[in-house]
Amino acid sequence: MAPARDTPSLMHRHKAPLLLLVLLPLLANAAALSGVFNNDPTLQFIGLGQHMRPGLISGPLDWIDPSVAYITQPVGHLAASDWLHGIIPWWNPYAGVGMPLAAETQTSAFFLPFVLLLHFNIGWLLLRVLLQMGCGVFSYILFIELGLTRGAACLGGALFAFSPEFILCPSSPIAPLPFLPLLLLGIEYSARAASQNRPMGWSLIPLACAYAFYAGGLEVAYLDGLFAGFWSLWRFATLPPKARLPFAGKLGLGIGISLGLCAPLLLPAIDYLHIAYVGSHDGYFQTMRLDPTGVPLQILPYLYGKLNNPPPPALVAAYGPGFIRVPGWAGPALLVFAITALARPRAPLRSLRLVLLLWIVLWEARYLGAAPVMWLMNHIPGVAATDSTRYSGPAVNFAIFALSAFAFSDHQRLPALSRARLGMVLLIVSALILAAVLPVSGFILTWYRLRPHTLLAALAMGGFGAGLLIIICLELNRPRHRNLLLGALLAGPLITFIIPQFAGVRGGKTDMAPIRYLQSHAGESRMTSLGPLDTNFPNRYNIASINYCALPVPSSWADYLIKHLFSVADLIVYSGSQPGQREALRARLPAYEAIGVRYVVSTPGDNFFWATQFQPVNPARRDSTQLLKPGGPGLTGLLTTALPFSSIGAMSVVVGTFFGAARGPVVAQLCAAGQCVSATTDASTAADDSPLIFTFPTLLTVPPRARVTYGFTHPSGTALAIWYAPAPIHRHKPTISLIEGATTPGPTLVFHDASATIFKLPQAAPYAQTLNASCKVAIISRQSIQTACPTPTVLTRRELFYPGWSATANNIPIPLSQAGLFQSVPIPAGNASIKFSYAPPRIRLACVLALLAALLWAACGYFAAGGSPEHRAA
């Protein structure tokens with residue numbers, strides 16, 4: 001441990017490195033922050049993106065796991081909006097049929113004040129930048145506390161600020177990262193205070209633990225905590241015997257206060273887990289190992305070309321889960337440098353270096369599926385239930401970066417590394433690379449044969465890495481340019497972090513028209529998606545959707561979903577684009593209506609709910625177009641296929657809009673047996689090379705064997721192309737779909753444009769209704785309902801029944817009971833104002849525990865300072 005330092009002089013000496021660690025994340029994210037390259041995850045996945053132009057390079061953007069789009073942005077925005085409106089975000093009424101929001105934890109709903117950044121479109125990016133700054137600054141202070149040089153501490157901080165997790169999954173898993181070095185710093189301060197027989201020293205422990213928990217990435221936070229425990233055992237063993245008991249007491253007090261501070265979210269989260277579907281966290285992860293094809297990516301992330309390159313179709317099965325399962329990486333150059341920290345037998349803190357090496361080796365053995373290590377890990381409480389092979393990566397990477405910082409400090413303070421030792425280090429790294437690559441060499445060669453261009457990308461990055469390695473080895477052998485060495489060590493992580501940002505689209509915006517339609521018409525009813533506006537995206541706009549992306553999931557809703565809606569649904573990502581979802585919706589439409597689904601959002605030009613007849617018979621073979629000029633001659637023709645129905649209610653024709661540039665009214669006319677119907681639609685409502693839909697005001701009756709003629713005109717606007725395709729009789733025909741007229745109430749087309757088609761279901765159950773049909777029910781909001789009934793009756797509210805809900809009638813508490821999936825309450829005769837509210841069942845106990853923990857923390861600080869105002873000020 002280093003001696004205590006005077007804070008003002010410390011800040012003055014370390015001002016430049018700290019400023020660099022604050023500015024570096026800003027500079028590294030400049031391409032995304034500038035807006036030139038749009039890396040907005042929502043725009044990429046919402047299905048309503050418009051006017052997007054490709055980036056400078058192809059390939060994935062600066063994230064691998066799309067959870068940042070599916071969860072962080074939409075649900076984080078909802079949580080931020082709740083806070084800004086004075087609402088504690090306990091409940092999400094817009095996902096499924098309602099589910100806990102904060103208790104899901106990965107939404108980071110209680111990560112104040114940082115979650116408020118998610119109120120903005122680029123909030124996720126601003127949050128990532130702040131977290132990177134925290135990683136860099138806290139790591140720097142930790143390494144300075146350990147006695148490393150400023151250059152070494154700066155290197156360690158910068159490496160952790162660009163940890164691979166910031167690319168792999170920049171959602172809730174990155175949120176706890178800054179609090180790992182802060183927690184280790186608290187452990188070091190506690191050790192120093194114990195050895196000097198001083199009180200306190202542990203204050204950073206509850207601060208770091210509580211923030212890591214409230215940040216939301218619980219698996220990362222827990223595994224980081226295990227690493228901190230590993231570190232604490234080392235520090236305990238190195239302390240003088242008389243300081244060990246005080247040190248253990250300080251750790252215990254800090255952790256105990258942490259648990260109390262976390263209680264307001266910890267207890268609701270535990271209660272939720274007891275009655276929730278938890279997916280693979282029920283024990284499957286204890287057998288999970290890293291796929292052999294993913295093992296080399298820990299050293300050679302560009303082995304298969306660009307990051308997260310999709311495999312050739314022939315290798316999909318052999319590739320396993322792919323890049324997304326890689327826990328992290330450290331390139332050969334950085335790995336060589338980190339191992340040199342172990343090549344100096346008399347270097348300071350050698351025991352800590354060996355502890356870091358042991359941590360790395362244990363987890364690598366776990367990734368490879370070594371049975372003894374897996375048995376040992378699975379007997380650590382909680383590890384078997386976590387996705388440890390994926391989320392242990394940040395702690396393993398931190399250990400590698402810490403060794404690199406030690407190596408740089410050695411390089412500055414100790415004699416140059418001998419050629420023999422450097423050669424041994426190079427031999428070790430070469431052996432590691434061969435051990436990772438050789439078992440899958442056949443797979444790699446097949447990949448390159450099927451995708452030759454990926455070999456070029458791999459060679460280019462390999463050459464770059466080899467150049468860095470040469471610079472590092474030369475500098476290690478003959479120290480001359482330490483700043484050049486620092487730059488070479490940071491070049492790889494920085495380039496890997498910066499390059500994907502240039503794949504961001506240029507321009508682009510979200511088509512808000514479908515969203516505004518739903519906001520103005522849906523009210524408290526729900527929607528489901530068959531493509532656009534899927535999973536959690538409607539949450540951002542306060543639109544209720546039964547689709548979601550969440551874990552855990554209320555078990556009652558999960559059971560209902562499987563039994564009544566879609567028997568093979570993905571219960572973690574319930575998406576309308578899942579194969580079979582369209583057929584399930586059509587077959588079980590009444591079940592969807594029974595839970596309040598009133599709108600179905602589908603792809604542009606979709607005729608999903610209508611019986612259709614195509615003209616021509618092979619519309620997929622479009623090979624020519626007919627230009628429809630504004631004010632020019634129209635297009636007419638005769639339908640040549642027999643109709644299986646006797647009336648036509650709508651029609652569509654596939655058009656080319658010249659990348660969305662076509663504008664102006666298009667008039668379609670159908671005639672049969674002397675009768676004609678016509679409809680007008682604007683060309684801008686069709687996506688390019690997609691159907692343009694016309695809904696006729698009246699049905700066109702088509703007698704048997706009657707001739708049906710069509711016509712299209714374009715009175716004004718800009719030119720439009722109508723796609724032609726080969727037909728069986730005449731040479732070419734427009735690609736037309738005729739849609740049967742509905743004779744009974746059924747789904748109706750209520751909105752369509754170039755991004756989405758929206759259907760309205762006729763028999764959707766209301767959000768709230770009474771058993772007595774003569775009651776009048778006015779839904780003011782989801783939490784406020786007014787009724788007027790001649791006699792007492794029961795009100796059913798179609799919100800998930802879940803522990804913690806309560807209700808009042810005219811401010812008098814009334815019992816709330818379960819009605820199948822939903823809630824029901826007894827209501828009195830006459831006018832009644834029914835109010836609903838939700839709070840976790842044990843929240844009062846949790847708040848008391850948090851308050852007691854905070855008071856204990858403050859009291860410890862008060863008495864440690866001597867109790868007087870003068871001492872406290874000092």
# chains A, B, ... in the order shown; residues from 1 in each chain; ligands from 1
>>> residues_around(residues="stretch 623-639 of chain A", least_positions_apart="6", cutoff="7 Å", atoms="only C-alpha atoms", output="PyMOL selection string")
chain A and resi 615+708-725
>>> residues_around(residues="stretch 33-43 of chain A", least_positions_apart="4", cutoff="7 Å", atoms="only C-alpha atoms", output="VMD selection string")
chain A and resid 29 49 55 61 68 to 69 122 501 to 502 504 to 507 509 to 510
>>> residues_around(residues="A:Met200", least_positions_apart="3", cutoff="10 Å", atoms="only C-alpha atoms", output="MDAnalysis selection string")
chainID A and resid 189:190 193:194 197 203:204 250 253:254 857 860:861 863:865
>>> write_last_selection(atoms="C-alpha atoms", output="CSV table (one decimal), in the first residue's frame")
chain,number,residue,atom,x,y,z
A,189,TYR,CA,-8.5,2.4,1.6
A,190,SER,CA,-10.0,0.0,4.2
A,193,ALA,CA,-6.9,2.4,7.5
A,194,ALA,CA,-6.7,-1.0,9.2
A,197,ASN,CA,-5.3,1.7,13.1
A,203,SER,CA,-16.9,4.5,2.7
A,204,LEU,CA,-16.3,3.8,-0.9
A,250,LYS,CA,-14.5,-2.7,7.8
A,253,LEU,CA,-19.6,-3.1,7.8
A,254,GLY,CA,-19.3,-1.7,4.3
A,857,TRP,CA,-23.1,5.2,7.6
A,860,CYS,CA,-19.9,6.1,11.7
A,861,GLY,CA,-18.5,9.0,9.8
A,863,PHE,CA,-18.1,9.5,15.4
A,864,ALA,CA,-14.9,8.7,13.4
A,865,ALA,CA,-14.4,12.4,13.0
>>> residues_around(residues="A:His274", least_positions_apart="5", cutoff="12 Å", atoms="only C-alpha atoms", output="list of chain:residue names")
A:Ala103, A:Leu267, A:Pro268, A:Ala269, A:Asp282, A:Pro552, A:Val553, A:Pro554, A:Ser555, A:Pro803
>>> write_last_selection(atoms="N, CA and C atoms", output="PDB file, in the first residue's frame")
ATOM      1  N   ALA A 103     -38.024  -3.752 -11.025  1.00  0.00           N
ATOM      2  CA  ALA A 103     -37.603  -5.044 -10.489  1.00  0.00           C
ATOM      3  C   ALA A 103     -36.993  -5.949 -11.539  1.00  0.00           C
ATOM      4  N   LEU A 267     -35.216  -6.180  -2.571  1.00  0.00           N
ATOM      5  CA  LEU A 267     -36.360  -6.987  -2.141  1.00  0.00           C
ATOM      6  C   LEU A 267     -37.396  -7.164  -3.252  1.00  0.00           C
ATOM      7  N   PRO A 268     -37.797  -6.094  -3.979  1.00  0.00           N
ATOM      8  CA  PRO A 268     -38.718  -6.321  -5.106  1.00  0.00           C
ATOM      9  C   PRO A 268     -38.153  -7.257  -6.173  1.00  0.00           C
ATOM     10  N   ALA A 269     -36.839  -7.167  -6.427  1.00  0.00           N
ATOM     11  CA  ALA A 269     -36.233  -8.045  -7.434  1.00  0.00           C
ATOM     12  C   ALA A 269     -36.280  -9.499  -6.981  1.00  0.00           C
ATOM     13  N   ASP A 282     -32.359 -20.928 -14.811  1.00  0.00           N
ATOM     14  CA  ASP A 282     -32.827 -21.962 -13.884  1.00  0.00           C
ATOM     15  C   ASP A 282     -31.825 -23.099 -13.731  1.00  0.00           C
ATOM     16  N   PRO A 552     -36.435 -11.111 -15.974  1.00  0.00           N
ATOM     17  CA  PRO A 552     -37.476 -12.142 -15.958  1.00  0.00           C
ATOM     18  C   PRO A 552     -38.808 -11.652 -16.526  1.00  0.00           C
ATOM     19  N   VAL A 553     -39.734 -12.609 -16.659  1.00  0.00           N
ATOM     20  CA  VAL A 553     -41.064 -12.349 -17.196  1.00  0.00           C
ATOM     21  C   VAL A 553     -42.079 -12.939 -16.224  1.00  0.00           C
ATOM     22  N   PRO A 554     -43.163 -12.227 -15.901  1.00  0.00           N
ATOM     23  CA  PRO A 554     -44.167 -12.809 -14.983  1.00  0.00           C
ATOM     24  C   PRO A 554     -44.631 -14.167 -15.474  1.00  0.00           C
ATOM     25  N   SER A 555     -44.587 -15.164 -14.596  1.00  0.00           N
ATOM     26  CA  SER A 555     -44.900 -16.534 -15.012  1.00  0.00           C
ATOM     27  C   SER A 555     -46.357 -16.679 -15.442  1.00  0.00           C
ATOM     28  N   PRO A 803     -48.776  -9.220  -7.237  1.00  0.00           N
ATOM     29  CA  PRO A 803     -48.715  -8.736  -5.848  1.00  0.00           C
ATOM     30  C   PRO A 803     -48.198  -7.299  -5.778  1.00  0.00           C
TER      31      PRO A 803
END
>>> closest_residue(among="A:Arg526, A:Ala79, A:Pro178, A:Tyr94", to="A:Pro113", atoms="only C-alpha atoms")
A:Ala79
>>> atom_distance(atom1="atom CA of A:Ala338", atom2="atom CA of A:Arg421")
13.2 Å
>>> residues_around(residues="A:Leu589", least_positions_apart="3", cutoff="10 Å", atoms="only C-alpha atoms", output="CSV table (one decimal) with N, CA, C and O atoms, in the first residue's frame")
chain,number,residue,atom,x,y,z
A,565,LEU,N,-52.0,-18.0,-26.9
A,565,LEU,CA,-51.6,-17.1,-28.0
A,565,LEU,C,-50.7,-17.8,-29.0
A,565,LEU,O,-51.0,-17.9,-30.2
A,583,GLU,N,-49.3,-16.9,-38.4
A,583,GLU,CA,-50.3,-18.0,-38.5
A,583,GLU,C,-51.0,-18.1,-37.2
A,583,GLU,O,-52.3,-18.3,-37.1
A,584,ALA,N,-50.3,-18.0,-36.1
A,584,ALA,CA,-50.9,-18.1,-34.7
A,584,ALA,C,-51.9,-16.9,-34.5
A,584,ALA,O,-53.0,-17.1,-34.0
A,585,LEU,N,-51.6,-15.7,-35.0
A,585,LEU,CA,-52.5,-14.6,-34.8
A,585,LEU,C,-53.7,-14.8,-35.6
A,585,LEU,O,-54.9,-14.5,-35.1
A,586,ARG,N,-53.6,-15.3,-36.8
A,586,ARG,CA,-54.8,-15.5,-37.7
A,586,ARG,C,-55.7,-16.6,-37.1
A,586,ARG,O,-56.9,-16.5,-37.1
A,592,TYR,N,-56.5,-13.0,-28.8
A,592,TYR,CA,-55.7,-11.8,-28.8
A,592,TYR,C,-56.7,-10.6,-28.5
A,592,TYR,O,-56.4,-9.7,-27.7
A,593,GLU,N,-57.9,-10.7,-29.1
A,593,GLU,CA,-58.9,-9.6,-28.8
A,593,GLU,C,-59.3,-9.7,-27.3
A,593,GLU,O,-59.6,-8.6,-26.7
A,594,ALA,N,-59.3,-10.9,-26.7
A,594,ALA,CA,-59.8,-11.0,-25.3
A,594,ALA,C,-58.8,-10.3,-24.3
A,594,ALA,O,-59.3,-10.0,-23.2
A,597,VAL,N,-56.2,-6.6,-27.4
A,597,VAL,CA,-55.4,-6.2,-28.6
A,597,VAL,C,-56.4,-5.6,-29.6
A,597,VAL,O,-57.3,-6.3,-30.1
A,747,PRO,N,-61.2,-7.6,-39.4
A,747,PRO,CA,-60.1,-6.6,-39.3
A,747,PRO,C,-60.2,-5.6,-40.5
A,747,PRO,O,-60.4,-6.0,-41.6
A,761,LEU,N,-58.8,-4.4,-35.1
A,761,LEU,CA,-59.6,-5.6,-34.8
A,761,LEU,C,-61.0,-5.2,-34.3
A,761,LEU,O,-61.1,-4.3,-33.4
A,763,GLN,N,-63.4,-6.7,-32.4
A,763,GLN,CA,-64.0,-7.2,-31.1
A,763,GLN,C,-63.0,-7.2,-30.0
A,763,GLN,O,-63.1,-8.0,-29.1
A,764,ALA,N,-62.1,-6.2,-30.0
A,764,ALA,CA,-61.1,-6.1,-28.9
A,764,ALA,C,-61.8,-5.8,-27.6
A,764,ALA,O,-62.7,-4.9,-27.5
